[in-house]
Every structure is written in C-alpha cells, then in structure tokens.
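Have a look at the structure below before the remarks.
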Amino acid sequence: MLCDECKKRNAVVHMSKIVQGKKEELHLCEVCARNKDVSIEKNFTIPNFLANLLDAGMGSGIVKGYDEVLKCNHCGSTFREFKQNGRLGCDECYQIYKEKLKPLVRRIHGNTKHIGKVPKRCGGIIHLRKQLQELKQKLQKAIDQEAFEEAAVLRDEIHRIEEEIRK
Amino acid sequence: MPRWLTEAGPESDIVISSRIRIARNVEGFPFPNKLQEKMAKDITDRVYNSVIGGNESLKEDFKLVYMKDLDGIERLNYVEKHLISPDIAKNTASGSLLINKDETIAILINEEDHIRIQSLLPGFQLENAWNVADKIDDLIEEQIKYAFDEDLGYLTACPTNLGTGIRVSIMMHLPALNMTGYIKNILHASSQIGIAVRGIYGEGTEFLGNIFQVSNQTTLGSTEEETIHNLKDVVIQIIQKERLIRENLLKEKKIELEDKVFRSFGVLKNARMISVNEAMKLISDIKLGIVLSLIKEVSLESLNHLMTRIQVGYLQKHYQCELTEVERDIKRAEIIRMTI
C-alpha cells in the first residue's frame with residue numbers, strides 16, 4: 001500500500017480517526033508521518049503495531065466479525081483480544097490460531113521455524129530432526145570445501161538418523 | 001547491590017553490562033495476563049522449588065520477593081537496577097522475583113510470561129551470562145513442563161519472543177559516537193540486521209548519559225549461539241568505532257575535550273542542587289575523562305554506580321522516604337559531592 005500523502009513510499013503507519021462518528025483512515029510512510037507530527041514512539045505501541053501488521057497480512061478476504069467467533073476454549077480469550085493487546089492467552093491459543101498467526105510470525109522474525117534449544121523431555125524425535133538438520137548443513141559445507149571423506153562420513157550418519165526417525 | 005554496578009567487567013571502558021534473558025511458560029496454564037491468582041501462586045511455588053529444591057546453599061543465596069510486599073519506591077529501585085521491568089513492577093497481584101545475593105540472577109515469575117530467567121553481569125561477557133541462564137533453564141525444566149511447539153519453539157505471550165525466547169542486551173557508554181553524531185549511522189545500520197540500538201535514559205532522540213542498549217530483535221529461526229554471536233560481532237564493531245573516535249578527539253581536540261571534562265568535574269564537585277538530566281550528562285563526561293586518563297582520582301565503577309544512585313527511586317530508597325523534586329535535587333548533589 002502506498003502512502004496517502006506522497007504516494008511514493010510504502011505506507012508503514014496506519015491510523016484510523018473517528019470524527020463525529022465518521023471513520024477516517026490514514027496510511028502514511030515513515031517520512032510523511034513524521035512531517036505530520038505524528039509521534040511514532042508514543043502513539044504506536046508494540047501491540048498496536050502487531051495488530052496493524054496482522055490486518056495487513058490478512059488482506060481483505062477475512063470477513064469482519066469472524067475474529068469474534070474465534071475463541072480459545074482453554075483460556076477463553078478471543079482472537080479479537082489478541083488483536084487489541086498483542087498478547088495470546090495460553091499455549092493452546094497458538095494451536096488454534098496457528099495458521100492465522102503464521103504470516104505475522106514471519107513478518108516479525110522473517111522465519112517460522114524454530115532451530116534453537118529444545119526441552120529435553122521433547123527429546124526423541126525433535127532432537128533427532130535437529131541433529132539431522134545440523135548434519136545436512138555440515139554436509140553441504142564439507143561438499144563446498146571439497147572435503148569428500150568427511151562428507152561421506154556425514155552422509156552415512158544422516159542415513160542412520162533418517163532410518164531412526166522412520167522407526 | 002547488583003554486581004554490574006559495583007564491578008568493572010571486560011571492556012569496561014565502554015561496556016557496562018551484559019544481559020541474557022530467556023522467556024518460558026508452563027504448559028497448560030494460561031499466560032499471566034489470563035492467569036487467576038491461585039494458579040499464579042502455584043506457578044511461583046513450582047518455580048521456587050525447581051530452582052532451590054532441597055539445596056540448602058541455594059536457599060541461602062536466593063530470596064523470593066513478592067511484588068505485592070514492596071512499596072512503590074522499592075519497586076522503582078528494582079527497575080532502576082535493571083532487575084525487573086516496569087511491567088512486573090505494575091503487576092502487583094501475582095508477580096514475584098527470585099533473586100540471588102549478588103543480583104546477577106533474577107528470575108521473574110508471572111510477568112508477561114510465567115518465567116523469565118535473567119542473567120546480568122558487569123562488562124562484556126555474554127557467553128558467561130548465557131551459560132548461567134542456560135543452566136538455570138535446565139534446572140527448572142527438570143521439574144516443569146514448558147510450553148513448546150516444534151515449529152514455533154518456546155511459546156510466549158507475545159509472538160515477538162517466540163522461538164528461543166532469548167533477548168541479549170549489552171549496555172554501553174558511547175559518548176564519542178554520540179557527540180560526533182556517528183551514532184545515527186550505527187542506529188541505522190544495526191536496524192538493518194535485526195539489532196536494536198536505543199538510548200536507555202531520556203526520551204525520544206535525547207540519549208541521556210550517552211548510555212545505549214544494543215539488543216537482538218528476532219528470536220525465531222536462529223539458535224541461541226547464533227543470536228549471541230551476531231550481537232557480539234556488532235558490539236565489537238561499535239567498541240572499535242567508539243575507541244577510534246575517542247582517540248581522534250584526544251589527538252585533534254584535546255584542549256576542548258579537557259575543558260569539557262574538567263568543567264563537568266567542577267560542576268559536579270560543587271553543585272548544591274542538580275537535576276537527574278544534568279547530572280547524567282556531566283557524569284558521562286567524567287567517565288570519558290577517566291578512560292582517557294584525564295581524570296585519575298575517581299573510578300569507573302563508582303560512576304556506573306553513581307548513575308543509578310542518583311535516579312529517583314534509588315534516592316528515595318536511600319533516604320527511606322518520599323522526596324519532592326527540589327529535595328531530590330539537593331540530596332542528589334550531596335551524594336555526587338560525596339562520591340567524586
């Protein structure tokens with residue numbers, strides 16, 4: 001979406017203003033927003049920002065009111081609440097809203113796949129998959145460096161772990 | 001007293017402290033914003049037991065502080081020592097803090113997330129800070145089942161912390177970069193690679209006391225080690241640039257620099273009333289004077305400590321009473337005169 005003012009840059013600040021019951025929307029780029037004397041720091045809190053991102057990510061395909069129906073049975077919080085305060089209610093919410101959250105998560109982190117520490121109790125399969133991922137990276141590196149002996153060892157190890165996962 | 005305030009760590013001419021914070025939640029419990037008080041108490045007990053367990057020496061070293069038992073001044077004091085966030089300070093119903101004696105480990109319970117493990121050390125020592133946080137994480141995990149998803153990693157109340165839940169922050173004193181305006185380039189460049197550099201004190205564009213915080217912005221899609229190394233590399237670059245400019249100033253503008261440092265020294269030594277803003281600026285000048293060997297009679301650690309001691313909450317805690325603004329300005333000037 002282009003900035004309403006300069007029509008050149010992408011709009012990054014989205015505001016809606018209600019004047020005498022009439023809703024006005026304004027979409028500005030960072031430069032124009034600053035010129036308009038809109039204090040970005042003060043008026044745009046993280047939750048506010050997340051909600052805007054979410055709307056932008058959803059496009060216009062989602063019918064309004066749909067969000068109100070969407071509710072987590074475990075903690076009782078609605079998706080609408082999340083859009084207002086930027087916080088989810090519990091771990092179950094992530095399962096329920098997973099697909100809806102994905103575009104937002106990607107926007108925030110540029111990624112949707114965790115590769116860091118894993119709780120030991122989850123152990124087993126997740127650990128193996130992680131190991132597999134690391135080995136594949138190492139293999140690629142070995143091939144790039146033409147260290148073929150090392151690559152062969154890594155390849156066998158990868159096969160072994162893939163077998164184990166299949167079991 | 002937190003160790004980062006009383007000790008100078010590695011690269012202490014620039015880096016004040018290193019902090020690692022990891023966010024965790026307990027599986028099956030609503031996040032703190034949806035949590036009933038009884039459940040919150042349950043979580044507090046479980047975290048306490050998982051860390052302390054039957055270990056007598058740990059029991060000696062750690063204390064559990066309930067936010068509801070602290071008054072406003074004491075809470076503000078913890079915020080100023082960077083041990084709790086303003087958020088938990090407000091969550092008086094169920095928030096608590098499990099903290100060790102030298103205040104290098106602070107486990108925040110029922111803040112935005114159920115558990116936030118924080119390791120805070122003086123100077124530039126991220127690996128050490130991470131090792132401590134990692135160990136405590138393992139310790140808690142032995143007893144508590146964390147909320148975890150194979151794709152999204154550790155689940156957190158706010159999606160900005162998903163994944164590793166790690167926030168790595170370095171507090172730095174950057175007078176030369178700020179004075180010369182080069183800090184703007186750093187701010188811009190780091191934002192391009194997912195790292196935030198911001199002023200800690202003061203609002204908006206004013207970087208009070210030239211104190212900056214450098215921290216990672218994303219937590220999903222890179223490992224803890226990668227996040228730490230990435231930040232470390234950026235910090236090393238900032239350190240080198242700050243040192244370069246400092247040396248340059250000393251070479252080319254020595255007399256101006258000396259004038260600035262010694263004027264500030266004079267004011268701080270003699271002022272009878274001083275605002276926190278003015279004091280922060282002047283103390284920053286003295287810190288620069290010390291590392292450039294212009295001033296020798298004051299230590300860097302005592303000034304780091306002083307920067308915290310002159311803050312509003314700290315002053316009132318020290319004097320055990322509420323003070324008006326004028327009273328605070330007078331007491332602040334007194335404390336400064338006694339220190340330098």
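Identifiers in this document derive from the order of the structure tokens: chains are assigned A, B, ..., residues are numbered from 1 separately in each chain, and ligands are numbered from 1 in order of occurrence.
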
Counting only C-alpha atoms, what are the residues of chain B within 10 Å of chain A, and for each of them which pair of atoms is the nearest and at what distance in Å, to one decimal? Sort the table by chain and rising number, as a tab-separated table.
```
residue	atom	partner	partner_atom	distance
B:Asn25	CA	A:Asp91	CA	8.2
B:Val26	CA	A:Asp91	CA	8.6
B:Glu27	CA	A:Asp91	CA	6.7
B:Gly28	CA	A:Asp91	CA	6.8
B:Phe29	CA	A:Cys90	CA	6.6
B:Pro30	CA	A:Cys90	CA	4.3
B:Phe31	CA	A:Cys90	CA	5.0
B:Pro32	CA	A:Gly89	CA	8.0
B:Asn33	CA	A:Gly89	CA	6.8
B:Lys34	CA	A:Gly89	CA	5.8
B:Leu35	CA	A:Gly89	CA	8.6
B:Glu112	CA	A:Arg87	CA	8.7
B:Asp113	CA	A:Cys90	CA	9.9
B:Asp134	CA	A:Lys117	CA	9.5
B:Asp137	CA	A:Pro119	CA	9.4
B:Asp138	CA	A:Pro119	CA	8.2
B:Glu141	CA	A:Pro119	CA	7.2
B:Glu142	CA	A:Arg121	CA	8.6
B:Lys145	CA	A:Arg121	CA	8.0
B:Tyr146	CA	A:Pro119	CA	7.4
B:Ala147	CA	A:Asp91	CA	6.1
B:Phe148	CA	A:Pro119	CA	7.8
B:Asp149	CA	A:His114	CA	8.6
B:Glu150	CA	A:His114	CA	7.0
B:Asp151	CA	A:Lys113	CA	4.8
B:Leu152	CA	A:His114	CA	5.3
B:Gly153	CA	A:His114	CA	5.1
B:Tyr154	CA	A:Val118	CA	8.2
B:Leu155	CA	A:Asp91	CA	6.3
B:Thr156	CA	A:Asp91	CA	7.7
B:Ala157	CA	A:Leu88	CA	5.1
B:Cys158	CA	A:Arg87	CA	4.8
B:Pro159	CA	A:Val105	CA	6.7
B:Thr160	CA	A:Ile108	CA	6.5
B:Asn161	CA	A:His109	CA	9.2
B:Leu162	CA	A:His114	CA	8.3
B:Gly163	CA	A:His114	CA	5.2
B:Thr164	CA	A:Gly116	CA	5.7
B:Gly165	CA	A:Gly116	CA	9.5
B:Ile166	CA	A:Gly116	CA	9.8
B:Gly194	CA	A:His109	CA	8.8
B:Glu203	CA	A:Glu41	CA	9.4
B:Gly204	CA	A:Glu41	CA	7.5
B:Gln217	CA	A:His109	CA	8.0
B:Thr218	CA	A:His109	CA	5.1
B:Thr219	CA	A:His109	CA	6.7
B:Leu220	CA	A:His114	CA	5.4
B:Gly221	CA	A:His114	CA	5.0
B:Ser222	CA	A:Ile115	CA	5.8
B:Thr223	CA	A:Gly116	CA	4.0
B:Glu224	CA	A:Gly116	CA	5.9
B:Glu225	CA	A:Gly116	CA	8.3
B:Glu226	CA	A:Gly116	CA	9.1
B:Thr227	CA	A:Gly116	CA	9.7
```

Neighbouring residues of Ile43 in chain B were defined as those with any atom within 10 Å, considering only C-alpha atoms; residues of the same chain fewer than 3 positions away were excluded. Please report them as number ranges by chain. B: 25-26, 29, 37-40, 46-49, 94, 109-110, 114-115, 144

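Around range 7-16 of chain A, within 8 Å and counting only C-alpha atoms, the residues found are Met1, Lys23, Glu24, Glu25, Leu26, His27, Leu28, Cys29, Glu30, Ala33 and Asn52 of chain A, once anything fewer than 6 positions away on its own chain is removed.
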
Create the file for the chosen residues now, containing C-alpha atoms and written as an mmCIF file, in the first residue's frame.
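Output (result_4.cif):
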```cif
data_model
loop_
_atom_site.group_PDB
_atom_site.id
_atom_site.type_symbol
_atom_site.label_atom_id
_atom_site.label_comp_id
_atom_site.auth_asym_id
_atom_site.auth_seq_id
_atom_site.Cartn_x
_atom_site.Cartn_y
_atom_site.Cartn_z
ATOM 1 C CA MET A 1 0.000 0.000 0.000
ATOM 2 C CA LYS A 23 -14.275 6.922 10.494
ATOM 3 C CA GLU A 24 -11.320 8.233 8.561
ATOM 4 C CA GLU A 25 -8.350 6.112 7.670
ATOM 5 C CA LEU A 26 -4.874 7.353 7.008
ATOM 6 C CA HIS A 27 -1.921 5.369 5.747
ATOM 7 C CA LEU A 28 1.449 7.082 5.775
ATOM 8 C CA CYS A 29 5.054 6.321 5.098
ATOM 9 C CA GLU A 30 7.553 6.989 7.861
ATOM 10 C CA ALA A 33 4.127 10.503 9.295
ATOM 11 C CA ASN A 52 -1.839 -3.496 12.154
#
```

Can you tell me, as an MDAnalysis selection string, what residues are no more than 9 Å from Met307 in chain B when counting only C-alpha atoms, ignoring any on the same chain fewer than 6 positions away? chainID B and resid 209 276 279:280 283:284

May I have the selected residues written with N, CA, C and O atoms, as a short mmCIF file (atom, residue, chain, number, x, y, z; two decimals), in the first residue's frame?
```cif
data_model
loop_
_atom_site.label_atom_id
_atom_site.label_comp_id
_atom_site.auth_asym_id
_atom_site.auth_seq_id
_atom_site.Cartn_x
_atom_site.Cartn_y
_atom_site.Cartn_z
N GLY B 209 23.08 10.68 29.26
CA GLY B 209 24.23 10.00 29.83
C GLY B 209 25.00 9.17 28.81
O GLY B 209 25.88 8.41 29.17
N VAL B 276 18.39 15.26 37.52
CA VAL B 276 18.94 13.98 37.07
C VAL B 276 19.50 14.11 35.64
O VAL B 276 20.55 13.56 35.32
N ALA B 279 22.88 15.88 35.75
CA ALA B 279 23.87 15.01 36.40
C ALA B 279 24.32 13.90 35.45
O ALA B 279 25.51 13.58 35.36
N MET B 280 23.36 13.30 34.75
CA MET B 280 23.69 12.20 33.83
C MET B 280 24.67 12.66 32.76
O MET B 280 25.63 11.97 32.42
N ILE B 283 28.15 13.32 34.43
CA ILE B 283 28.84 12.09 34.84
C ILE B 283 29.41 11.38 33.61
O ILE B 283 30.51 10.83 33.65
N SER B 284 28.65 11.43 32.53
CA SER B 284 29.15 10.83 31.30
C SER B 284 30.47 11.47 30.87
O SER B 284 31.41 10.79 30.45
#
```

What's around Leu303 in chain B at 9 Å? Count only C-alpha atoms, leave out sequence neighbours fewer than 6 positions away in its own chain, and write the answer as an MDAnalysis selection string. chainID B and resid 5 283:284 286:287 339:340

Once you have the residues from the selection above, write them out as a compact mmCIF listing (two decimals), in the first residue's frame, restricted to N, CA, C and O atoms.
```txt
# COMPACT_ATOMS: atom_id res chain seq x y z
N LEU B 5 26.89 -3.11 38.94
CA LEU B 5 27.04 -1.72 39.37
C LEU B 5 28.28 -1.50 40.22
O LEU B 5 28.71 -0.37 40.42
N ILE B 283 28.15 13.32 34.43
CA ILE B 283 28.84 12.09 34.84
C ILE B 283 29.41 11.38 33.61
O ILE B 283 30.51 10.83 33.65
N SER B 284 28.65 11.43 32.53
CA SER B 284 29.15 10.83 31.30
C SER B 284 30.47 11.47 30.87
O SER B 284 31.41 10.79 30.45
N ILE B 286 32.66 12.81 32.82
CA ILE B 286 33.73 12.36 33.74
C ILE B 286 34.18 10.95 33.36
O ILE B 286 35.37 10.63 33.41
N LYS B 287 33.19 10.10 33.02
CA LYS B 287 33.55 8.73 32.63
C LYS B 287 34.50 8.75 31.44
O LYS B 287 35.48 8.02 31.40
N THR B 339 30.79 11.39 46.44
CA THR B 339 31.38 10.30 45.64
C THR B 339 32.61 10.72 44.84
O THR B 339 33.56 9.96 44.69
N ILE B 340 32.59 11.94 44.33
CA ILE B 340 33.72 12.32 43.47
C ILE B 340 34.60 13.42 44.07
O ILE B 340 34.24 14.04 45.01
```

Hey, what's within 7 Å of range 172-181 of chain B if we count only C-alpha atoms and toss same-chain stuff fewer than 5 positions away? As a PyMOL selection string, please? chain B and resi 14-16+210-213+242+245-246

Next, write the just-selected residues to a file, as a compact mmCIF listing (two decimals), in the first residue's frame, keeping N, CA, C and O atoms as the atom set.
```txt
# COMPACT_ATOMS: atom_id res chain seq x y z
N ILE B 14 33.93 0.79 27.88
CA ILE B 14 32.75 1.04 27.06
C ILE B 14 31.53 0.23 27.49
O ILE B 14 30.43 0.76 27.62
N VAL B 15 31.75 -1.07 27.74
CA VAL B 15 30.59 -1.91 28.06
C VAL B 15 30.32 -1.91 29.56
O VAL B 15 31.21 -2.21 30.37
N ILE B 16 29.09 -1.58 29.91
CA ILE B 16 28.72 -1.54 31.33
C ILE B 16 28.22 -2.90 31.79
O ILE B 16 28.66 -3.41 32.81
N ASN B 210 24.62 9.31 27.53
CA ASN B 210 25.27 8.55 26.44
C ASN B 210 25.26 7.05 26.68
O ASN B 210 26.17 6.33 26.29
N ILE B 211 24.22 6.58 27.38
CA ILE B 211 24.12 5.14 27.65
C ILE B 211 23.17 4.52 26.64
O ILE B 211 22.03 4.97 26.48
N PHE B 212 23.66 3.48 25.97
CA PHE B 212 22.87 2.83 24.92
C PHE B 212 22.71 1.35 25.23
O PHE B 212 23.56 0.74 25.87
N GLN B 213 21.61 0.80 24.73
CA GLN B 213 21.42 -0.63 24.86
C GLN B 213 21.35 -1.25 23.48
O GLN B 213 20.60 -0.78 22.62
N GLU B 242 33.92 3.43 18.67
CA GLU B 242 33.92 4.38 19.78
C GLU B 242 35.36 4.70 20.21
O GLU B 242 35.71 5.86 20.40
N ILE B 245 37.13 7.00 17.66
CA ILE B 245 36.73 8.40 17.74
C ILE B 245 37.28 9.06 19.01
O ILE B 245 37.71 10.21 19.00
N ARG B 246 37.27 8.29 20.10
CA ARG B 246 37.83 8.83 21.34
C ARG B 246 39.30 9.25 21.14
O ARG B 246 39.70 10.34 21.54
```

Coordinates-based distance that separates CA of Val234 in chain B from CA of Ile195 in chain B (Å, one decimal): 8.5 Å

Env of Glu327 in chain B: 12 Å cut, atoms = only C-alpha atoms, seq-sep filter 4 positions within chain, self excluded. Answer as JSON, numbers by chain. {"B": [272, 273, 274, 275, 312, 315, 316, 319, 321, 322, 323, 331, 332, 333, 334]}

Measure the distance from CA of Asp102 in chain B to CA of Pro2 in chain B in Å and round it to one decimal. 5.4 Å

DSSP strand (DSSP E or B) selection over range 95-300 of chain B, as a ChimeraX atom specification: /B:96-100,105-109,115-122,146,148-149,153-154,163,166-173,195-201,208-216
